[in-house]
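Data file: input.txt. Format and content: compact mmCIF, N, CA and C atoms.
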# COMPACT_ATOMS: atom_id res chain seq x y z
N MET A 285 146.45 121.53 -56.80
CA MET A 285 146.79 120.26 -57.38
C MET A 285 147.45 120.51 -58.73
N LEU A 286 148.50 119.82 -58.95
CA LEU A 286 149.20 119.98 -60.22
C LEU A 286 148.42 119.32 -61.35
N GLU A 287 148.71 119.78 -62.58
CA GLU A 287 147.99 119.30 -63.76
C GLU A 287 148.16 117.80 -63.96
N TRP A 288 149.34 117.27 -63.68
CA TRP A 288 149.59 115.86 -63.95
C TRP A 288 149.08 114.93 -62.86
N ASP A 289 148.58 115.49 -61.74
CA ASP A 289 148.06 114.65 -60.66
C ASP A 289 146.90 113.78 -61.12
N SER A 290 146.05 114.32 -61.97
CA SER A 290 144.89 113.55 -62.42
C SER A 290 145.28 112.43 -63.37
N ARG A 291 146.45 112.52 -63.94
CA ARG A 291 146.90 111.47 -64.87
C ARG A 291 147.60 110.32 -64.17
N MET A 292 147.96 110.52 -62.94
CA MET A 292 148.70 109.49 -62.20
C MET A 292 147.74 108.37 -61.80
N GLN A 293 148.23 107.15 -61.89
CA GLN A 293 147.41 105.99 -61.52
C GLN A 293 147.32 105.83 -60.01
N ASN A 294 148.39 106.20 -59.29
CA ASN A 294 148.43 105.99 -57.84
C ASN A 294 148.45 107.35 -57.13
N ASN A 295 147.32 108.01 -57.06
CA ASN A 295 147.22 109.31 -56.39
C ASN A 295 147.53 109.21 -54.91
N HIS A 296 147.23 108.08 -54.31
CA HIS A 296 147.43 107.87 -52.88
C HIS A 296 148.91 108.10 -52.51
N SER A 297 149.80 107.47 -53.22
CA SER A 297 151.23 107.60 -52.93
C SER A 297 151.73 109.02 -53.19
N ILE A 298 151.22 109.66 -54.22
CA ILE A 298 151.62 111.03 -54.55
C ILE A 298 151.23 111.97 -53.42
N LYS A 299 150.03 111.81 -52.88
CA LYS A 299 149.57 112.67 -51.78
C LYS A 299 150.44 112.48 -50.55
N VAL A 300 150.78 111.24 -50.25
CA VAL A 300 151.65 110.96 -49.10
C VAL A 300 153.02 111.61 -49.30
N LEU A 301 153.57 111.47 -50.50
CA LEU A 301 154.87 112.08 -50.78
C LEU A 301 154.83 113.60 -50.69
N LYS A 302 153.76 114.21 -51.19
CA LYS A 302 153.64 115.67 -51.11
C LYS A 302 153.57 116.14 -49.66
N ALA A 303 152.91 115.38 -48.82
CA ALA A 303 152.82 115.75 -47.41
C ALA A 303 154.15 115.54 -46.69
N ALA A 304 154.94 114.56 -47.15
CA ALA A 304 156.18 114.20 -46.46
C ALA A 304 157.39 115.04 -46.87
N ILE A 305 157.41 115.52 -48.09
CA ILE A 305 158.60 116.20 -48.62
C ILE A 305 159.08 117.35 -47.74
N PRO A 306 158.22 118.24 -47.24
CA PRO A 306 158.74 119.35 -46.43
C PRO A 306 159.51 118.90 -45.18
N PHE A 307 159.22 117.74 -44.66
CA PHE A 307 159.89 117.27 -43.45
C PHE A 307 161.30 116.75 -43.73
N PHE A 308 161.60 116.49 -45.00
CA PHE A 308 162.94 116.03 -45.36
C PHE A 308 163.85 117.17 -45.79
N ASP A 309 163.33 118.38 -45.83
CA ASP A 309 164.12 119.55 -46.20
C ASP A 309 164.77 120.13 -44.94
N VAL A 310 165.78 119.42 -44.42
CA VAL A 310 166.49 119.86 -43.22
C VAL A 310 167.97 119.97 -43.54
N ALA A 311 168.64 120.78 -42.76
CA ALA A 311 170.08 120.94 -42.95
C ALA A 311 170.81 119.68 -42.51
N ILE A 312 172.02 119.53 -43.00
CA ILE A 312 172.83 118.36 -42.62
C ILE A 312 173.09 118.40 -41.13
N GLY A 313 172.85 117.31 -40.49
CA GLY A 313 173.06 117.22 -39.05
C GLY A 313 171.79 117.44 -38.23
N GLU A 314 170.76 118.03 -38.83
CA GLU A 314 169.49 118.21 -38.12
C GLU A 314 168.70 116.91 -38.15
N THR A 315 167.86 116.74 -37.15
CA THR A 315 167.02 115.55 -37.12
C THR A 315 165.69 115.85 -37.80
N ILE A 316 165.13 114.83 -38.37
CA ILE A 316 163.82 114.94 -39.03
C ILE A 316 162.75 114.84 -37.96
N ASP A 317 161.76 115.70 -38.04
CA ASP A 317 160.64 115.70 -37.10
C ASP A 317 159.69 114.56 -37.47
N LEU A 318 159.98 113.38 -36.93
CA LEU A 318 159.17 112.21 -37.28
C LEU A 318 157.73 112.34 -36.82
N GLU A 319 157.54 112.90 -35.63
CA GLU A 319 156.17 113.04 -35.14
C GLU A 319 155.36 113.96 -36.07
N GLY A 320 155.95 115.06 -36.47
CA GLY A 320 155.27 115.96 -37.41
C GLY A 320 155.02 115.30 -38.75
N LEU A 321 156.00 114.54 -39.22
CA LEU A 321 155.85 113.81 -40.48
C LEU A 321 154.68 112.83 -40.40
N PHE A 322 154.61 112.08 -39.31
CA PHE A 322 153.53 111.11 -39.16
C PHE A 322 152.17 111.79 -39.11
N HIS A 323 152.09 112.93 -38.40
CA HIS A 323 150.82 113.67 -38.35
C HIS A 323 150.44 114.21 -39.73
N ALA A 324 151.44 114.61 -40.52
CA ALA A 324 151.16 115.18 -41.84
C ALA A 324 150.64 114.14 -42.82
N ILE A 325 151.18 112.93 -42.76
CA ILE A 325 150.76 111.91 -43.74
C ILE A 325 149.54 111.11 -43.28
N ARG A 326 149.17 111.22 -42.01
CA ARG A 326 148.08 110.42 -41.48
C ARG A 326 146.76 110.58 -42.24
N PRO A 327 146.36 111.79 -42.65
CA PRO A 327 145.07 111.91 -43.37
C PRO A 327 145.04 111.18 -44.72
N PHE A 328 146.20 110.85 -45.26
CA PHE A 328 146.25 110.27 -46.60
C PHE A 328 146.41 108.76 -46.60
N ILE A 329 146.50 108.15 -45.43
CA ILE A 329 146.66 106.69 -45.39
C ILE A 329 145.47 106.06 -44.70
N HIS A 330 145.25 104.79 -45.00
CA HIS A 330 144.08 104.08 -44.49
C HIS A 330 144.45 102.64 -44.17
N GLY A 331 143.54 101.98 -43.49
CA GLY A 331 143.70 100.55 -43.23
C GLY A 331 144.85 100.23 -42.30
N TRP A 332 145.59 99.18 -42.65
CA TRP A 332 146.67 98.70 -41.78
C TRP A 332 147.78 99.73 -41.66
N GLU A 333 147.99 100.58 -42.69
CA GLU A 333 149.02 101.62 -42.61
C GLU A 333 148.67 102.62 -41.49
N ARG A 334 147.39 103.01 -41.42
CA ARG A 334 146.98 103.96 -40.39
C ARG A 334 147.09 103.34 -39.00
N ARG A 335 146.78 102.06 -38.86
CA ARG A 335 146.89 101.41 -37.55
C ARG A 335 148.34 101.41 -37.07
N ILE A 336 149.26 101.13 -37.97
CA ILE A 336 150.68 101.15 -37.60
C ILE A 336 151.12 102.57 -37.26
N LEU A 337 150.69 103.54 -38.06
CA LEU A 337 151.05 104.93 -37.81
C LEU A 337 150.46 105.42 -36.48
N ASP A 338 149.23 105.04 -36.19
CA ASP A 338 148.62 105.41 -34.91
C ASP A 338 149.40 104.81 -33.74
N MET A 339 149.88 103.60 -33.90
CA MET A 339 150.68 102.97 -32.85
C MET A 339 151.98 103.75 -32.64
N LEU A 340 152.61 104.17 -33.72
CA LEU A 340 153.83 104.97 -33.60
C LEU A 340 153.55 106.32 -32.94
N LEU A 341 152.43 106.94 -33.29
CA LEU A 341 152.07 108.21 -32.68
C LEU A 341 151.78 108.04 -31.19
N GLN A 342 151.26 106.88 -30.79
CA GLN A 342 151.04 106.61 -29.37
C GLN A 342 152.36 106.52 -28.62
N PHE A 343 153.41 106.03 -29.26
CA PHE A 343 154.72 106.02 -28.62
C PHE A 343 155.20 107.45 -28.36
N PHE A 344 154.96 108.34 -29.32
CA PHE A 344 155.33 109.74 -29.11
C PHE A 344 154.53 110.34 -27.95
N GLN A 345 153.24 110.02 -27.87
CA GLN A 345 152.41 110.53 -26.77
C GLN A 345 152.91 110.00 -25.43
N MET A 346 153.31 108.73 -25.38
CA MET A 346 153.84 108.18 -24.14
C MET A 346 155.14 108.88 -23.75
N ARG A 347 155.96 109.18 -24.75
CA ARG A 347 157.22 109.88 -24.47
C ARG A 347 156.94 111.27 -23.89
N HIS A 348 155.94 111.97 -24.46
CA HIS A 348 155.59 113.29 -23.94
C HIS A 348 155.06 113.19 -22.51
N MET A 349 154.28 112.16 -22.24
CA MET A 349 153.77 111.98 -20.88
C MET A 349 154.90 111.70 -19.90
N MET A 350 155.87 110.90 -20.30
CA MET A 350 157.01 110.61 -19.43
C MET A 350 157.82 111.88 -19.18
N GLU A 351 157.99 112.72 -20.20
CA GLU A 351 158.70 113.97 -20.01
C GLU A 351 157.96 114.88 -19.04
N MET A 352 156.62 114.92 -19.16
CA MET A 352 155.84 115.74 -18.23
C MET A 352 155.94 115.19 -16.82
N LEU A 353 155.95 113.88 -16.67
CA LEU A 353 156.09 113.27 -15.36
C LEU A 353 157.44 113.64 -14.74
N GLN A 354 158.48 113.64 -15.54
CA GLN A 354 159.80 114.02 -15.04
C GLN A 354 159.82 115.48 -14.60
N VAL A 355 159.14 116.35 -15.35
CA VAL A 355 159.07 117.76 -14.96
C VAL A 355 158.32 117.91 -13.65
N VAL A 356 157.21 117.20 -13.50
CA VAL A 356 156.44 117.27 -12.26
C VAL A 356 157.27 116.77 -11.09
N GLN A 357 157.99 115.67 -11.27
CA GLN A 357 158.83 115.15 -10.20
C GLN A 357 159.94 116.13 -9.85
N ALA A 358 160.53 116.78 -10.86
CA ALA A 358 161.57 117.77 -10.59
C ALA A 358 161.00 118.97 -9.84
N MET A 359 159.80 119.40 -10.22
CA MET A 359 159.17 120.52 -9.52
C MET A 359 158.83 120.15 -8.08
N GLN A 360 158.39 118.90 -7.85
CA GLN A 360 158.11 118.46 -6.49
C GLN A 360 159.38 118.44 -5.66
N ALA A 361 160.48 117.96 -6.25
CA ALA A 361 161.75 117.93 -5.53
C ALA A 361 162.22 119.35 -5.23
N MET A 362 162.04 120.26 -6.19
CA MET A 362 162.44 121.65 -5.95
C MET A 362 161.57 122.29 -4.89
N GLN A 363 160.27 121.98 -4.90
CA GLN A 363 159.37 122.53 -3.88
C GLN A 363 159.75 122.01 -2.50
N ALA A 364 160.11 120.73 -2.43
CA ALA A 364 160.55 120.18 -1.14
C ALA A 364 161.82 120.86 -0.67
N ALA A 365 162.76 121.09 -1.58
CA ALA A 365 163.99 121.79 -1.22
C ALA A 365 163.70 123.22 -0.82
N TYR A 366 162.75 123.85 -1.52
CA TYR A 366 162.37 125.22 -1.21
C TYR A 366 161.74 125.29 0.18
N ASN A 367 160.87 124.31 0.50
CA ASN A 367 160.23 124.29 1.82
C ASN A 367 161.25 124.00 2.92
N ASN A 368 162.24 123.15 2.63
CA ASN A 368 163.26 122.84 3.62
C ASN A 368 164.20 124.02 3.89
N SER A 369 164.27 124.96 2.95
CA SER A 369 165.17 126.09 3.13
C SER A 369 164.53 127.21 3.95
N ALA A 370 163.29 127.00 4.40
CA ALA A 370 162.60 128.04 5.18
C ALA A 370 163.25 128.16 6.56
N ASP A 371 163.31 129.39 7.05
CA ASP A 371 163.86 129.59 8.40
C ASP A 371 162.75 129.48 9.42
N GLN A 372 162.99 129.86 10.67
CA GLN A 372 162.02 129.69 11.74
C GLN A 372 160.75 130.51 11.52
N ASP A 373 160.82 131.63 10.85
CA ASP A 373 159.64 132.46 10.61
C ASP A 373 158.77 131.92 9.49
N GLY A 374 159.24 130.91 8.82
CA GLY A 374 158.49 130.36 7.71
C GLY A 374 158.77 131.08 6.41
N GLN A 375 159.65 132.05 6.42
CA GLN A 375 160.02 132.76 5.19
C GLN A 375 161.17 132.05 4.53
N PRO A 376 161.10 131.78 3.26
CA PRO A 376 162.21 131.14 2.56
C PRO A 376 163.43 132.05 2.56
N GLU A 377 164.59 131.41 2.47
CA GLU A 377 165.83 132.16 2.46
C GLU A 377 165.88 133.14 1.31
N GLY A 378 165.25 132.80 0.20
CA GLY A 378 165.28 133.66 -0.98
C GLY A 378 164.41 134.89 -0.85
N GLY A 379 163.63 135.01 0.20
CA GLY A 379 162.83 136.21 0.38
C GLY A 379 161.45 136.12 -0.25
N GLY A 380 160.69 135.09 0.05
CA GLY A 380 159.30 135.00 -0.40
C GLY A 380 159.17 134.84 -1.90
N MET A 381 158.49 135.80 -2.52
CA MET A 381 158.21 135.73 -3.95
C MET A 381 159.51 135.75 -4.76
N GLU A 382 160.48 136.51 -4.30
CA GLU A 382 161.76 136.57 -5.01
C GLU A 382 162.44 135.20 -5.04
N GLY A 383 162.34 134.45 -3.94
CA GLY A 383 162.91 133.11 -3.89
C GLY A 383 162.23 132.17 -4.87
N MET A 384 160.91 132.32 -5.00
CA MET A 384 160.18 131.48 -5.97
C MET A 384 160.60 131.82 -7.39
N PHE A 385 160.77 133.12 -7.68
CA PHE A 385 161.24 133.51 -9.02
C PHE A 385 162.62 132.94 -9.30
N ASP A 386 163.51 133.00 -8.29
CA ASP A 386 164.85 132.46 -8.48
C ASP A 386 164.82 130.96 -8.73
N MET A 387 163.94 130.27 -8.00
CA MET A 387 163.82 128.82 -8.18
C MET A 387 163.31 128.50 -9.58
N LEU A 388 162.31 129.25 -10.04
CA LEU A 388 161.77 129.04 -11.37
C LEU A 388 162.80 129.39 -12.44
N ARG A 389 163.56 130.46 -12.22
CA ARG A 389 164.58 130.89 -13.18
C ARG A 389 165.64 129.81 -13.37
N ASP A 390 165.99 129.12 -12.29
CA ASP A 390 167.02 128.08 -12.37
C ASP A 390 166.57 126.88 -13.19
N THR A 391 165.26 126.69 -13.36
CA THR A 391 164.77 125.53 -14.11
C THR A 391 164.74 125.79 -15.61
N LEU A 392 164.80 127.05 -16.02
CA LEU A 392 164.67 127.38 -17.44
C LEU A 392 166.01 127.41 -18.13
N PRO A 393 166.03 127.14 -19.44
CA PRO A 393 167.28 127.27 -20.20
C PRO A 393 167.70 128.74 -20.27
N PRO A 394 168.99 129.00 -20.48
CA PRO A 394 169.49 130.38 -20.44
C PRO A 394 168.76 131.36 -21.35
N GLY A 395 168.28 130.96 -22.49
CA GLY A 395 167.60 131.88 -23.39
C GLY A 395 166.25 132.34 -22.89
N GLN A 396 165.65 131.59 -21.96
CA GLN A 396 164.32 131.92 -21.48
C GLN A 396 164.33 132.54 -20.09
N GLN A 397 165.49 132.69 -19.49
CA GLN A 397 165.57 133.23 -18.13
C GLN A 397 165.24 134.71 -18.09
N ASP A 398 165.37 135.41 -19.21
CA ASP A 398 165.06 136.83 -19.24
C ASP A 398 163.59 137.09 -18.93
N VAL A 399 162.71 136.17 -19.30
CA VAL A 399 161.28 136.34 -19.04
C VAL A 399 161.04 136.39 -17.53
N ILE A 400 161.71 135.53 -16.79
CA ILE A 400 161.56 135.51 -15.34
C ILE A 400 162.10 136.80 -14.73
N ASP A 401 163.23 137.27 -15.25
CA ASP A 401 163.80 138.53 -14.75
C ASP A 401 162.83 139.69 -14.96
N MET A 402 162.17 139.72 -16.14
CA MET A 402 161.21 140.80 -16.40
C MET A 402 160.01 140.68 -15.47
N ALA A 403 159.50 139.46 -15.26
CA ALA A 403 158.37 139.26 -14.36
C ALA A 403 158.74 139.65 -12.94
N LYS A 404 159.94 139.31 -12.55
CA LYS A 404 160.43 139.66 -11.22
C LYS A 404 160.51 141.18 -11.05
N ALA A 405 161.00 141.86 -12.08
CA ALA A 405 161.09 143.32 -12.02
C ALA A 405 159.70 143.96 -11.97
N MET A 406 158.75 143.42 -12.74
CA MET A 406 157.40 143.98 -12.73
C MET A 406 156.72 143.74 -11.38
N MET A 407 156.94 142.58 -10.80
CA MET A 407 156.34 142.30 -9.49
C MET A 407 156.94 143.19 -8.42
N SER A 408 158.22 143.54 -8.55
CA SER A 408 158.84 144.39 -7.54
C SER A 408 158.31 145.82 -7.61
N MET A 409 157.75 146.23 -8.76
CA MET A 409 157.17 147.57 -8.89
C MET A 409 155.79 147.67 -8.27
N MET A 410 155.10 146.53 -8.15
CA MET A 410 153.76 146.54 -7.55
C MET A 410 153.87 146.65 -6.04
N PRO A 411 152.98 147.43 -5.40
CA PRO A 411 152.98 147.47 -3.94
C PRO A 411 152.68 146.09 -3.38
N MET A 412 153.30 145.75 -2.26
CA MET A 412 153.20 144.39 -1.70
C MET A 412 151.77 143.98 -1.38
N GLY A 413 150.98 144.83 -0.79
CA GLY A 413 149.65 144.45 -0.36
C GLY A 413 148.61 144.52 -1.45
N GLN A 414 149.00 144.96 -2.62
CA GLN A 414 148.02 145.19 -3.69
C GLN A 414 148.19 144.17 -4.80
N GLN A 415 147.13 143.52 -5.16
CA GLN A 415 147.14 142.56 -6.25
C GLN A 415 146.61 143.24 -7.50
N GLU A 416 146.89 142.66 -8.63
CA GLU A 416 146.38 143.20 -9.88
C GLU A 416 144.86 143.20 -9.86
N GLY A 417 144.26 144.28 -10.27
CA GLY A 417 142.81 144.37 -10.29
C GLY A 417 142.24 145.03 -9.05
N GLU A 418 143.01 145.14 -7.99
CA GLU A 418 142.55 145.81 -6.79
C GLU A 418 142.94 147.28 -6.87
N ASN A 419 142.03 148.12 -6.57
CA ASN A 419 142.26 149.56 -6.60
C ASN A 419 142.03 150.16 -5.23
N GLU A 420 142.72 151.22 -4.94
CA GLU A 420 142.50 151.93 -3.69
C GLU A 420 141.19 152.70 -3.81
N PRO A 421 140.45 152.82 -2.70
CA PRO A 421 139.20 153.59 -2.77
C PRO A 421 139.50 155.06 -3.03
N VAL A 422 138.63 155.68 -3.79
CA VAL A 422 138.78 157.09 -4.13
C VAL A 422 137.61 157.84 -3.52
N ASP A 423 137.91 158.95 -2.79
CA ASP A 423 136.85 159.79 -2.24
C ASP A 423 136.34 160.71 -3.33
N ILE A 424 135.06 160.75 -3.47
CA ILE A 424 134.47 161.61 -4.50
C ILE A 424 133.79 162.77 -3.84
Step by step, read the file and then write its structure as structure tokens.
Amino acid sequence: MLEWDSRMQNNHSIKVLKAAIPFFDVAIGETIDLEGLFHAIRPFIHGWERRILDMLLQFFQMRHMMEMLQVVQAMQAMQAAYNNSADQDGQPEGGGMEGMFDMLRDTLPPGQQDVIDMAKAMMSMMPMGQQEGENEPVDI
């Protein structure tokens, strides 16, 4: 706490401003993280201000839920397309696990697709019938 904080008549507003200032330090053209700003100032406000802020935060929560619902719907549509691409043997055209990795890779942004490639490479090194944690018996 700064030395002059105790001399201020309205400490409440000063605390809110101190919590809010870092969220306004953005480059030109960047958007301000309103949800983060609201979470940062929430402990310092009370009464009707907090009720309004809580209502705004609920809008952010609803938006996150809608985004998750869209992801689930997209995954269901992709799973249906994946199941429809199966041939008569029941094996997907992509080749089982490799097809699932390809499907997952297509859903990720380009910067994150490398993770799927690494996982795919690691899975290809494991023997097909052996899962992680399973060991072959050893004769002693």
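Computed from the coordinates, the CA of Ile329 (chain A) to CA of Lys299 (chain A) distance equals 9.2 Å.
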Between atom C of Leu318 (chain A) and atom N of Phe344 (chain A), what is the distance in Å, rounded to a tenth?
8.9 Å
Report, in Å with one decimal, the straight-line distance from atom N of Phe328 (chain A) to atom N of Val300 (chain A).
6.8 Å
Alpha helix (DSSP H) per DSSP on the backbone: members of region 300-345 of chain A, as an MDAnalysis selection string
chainID A and resid 300:304 318:325 332:345
Using only N, CA and C atoms, which of the listed residues (A:Ala405, A:Leu340, A:Leu388, A:Leu301) sits closest to Phe322 (chain A)?
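The closest residue to Phe322 (chain A) is A:Leu340.
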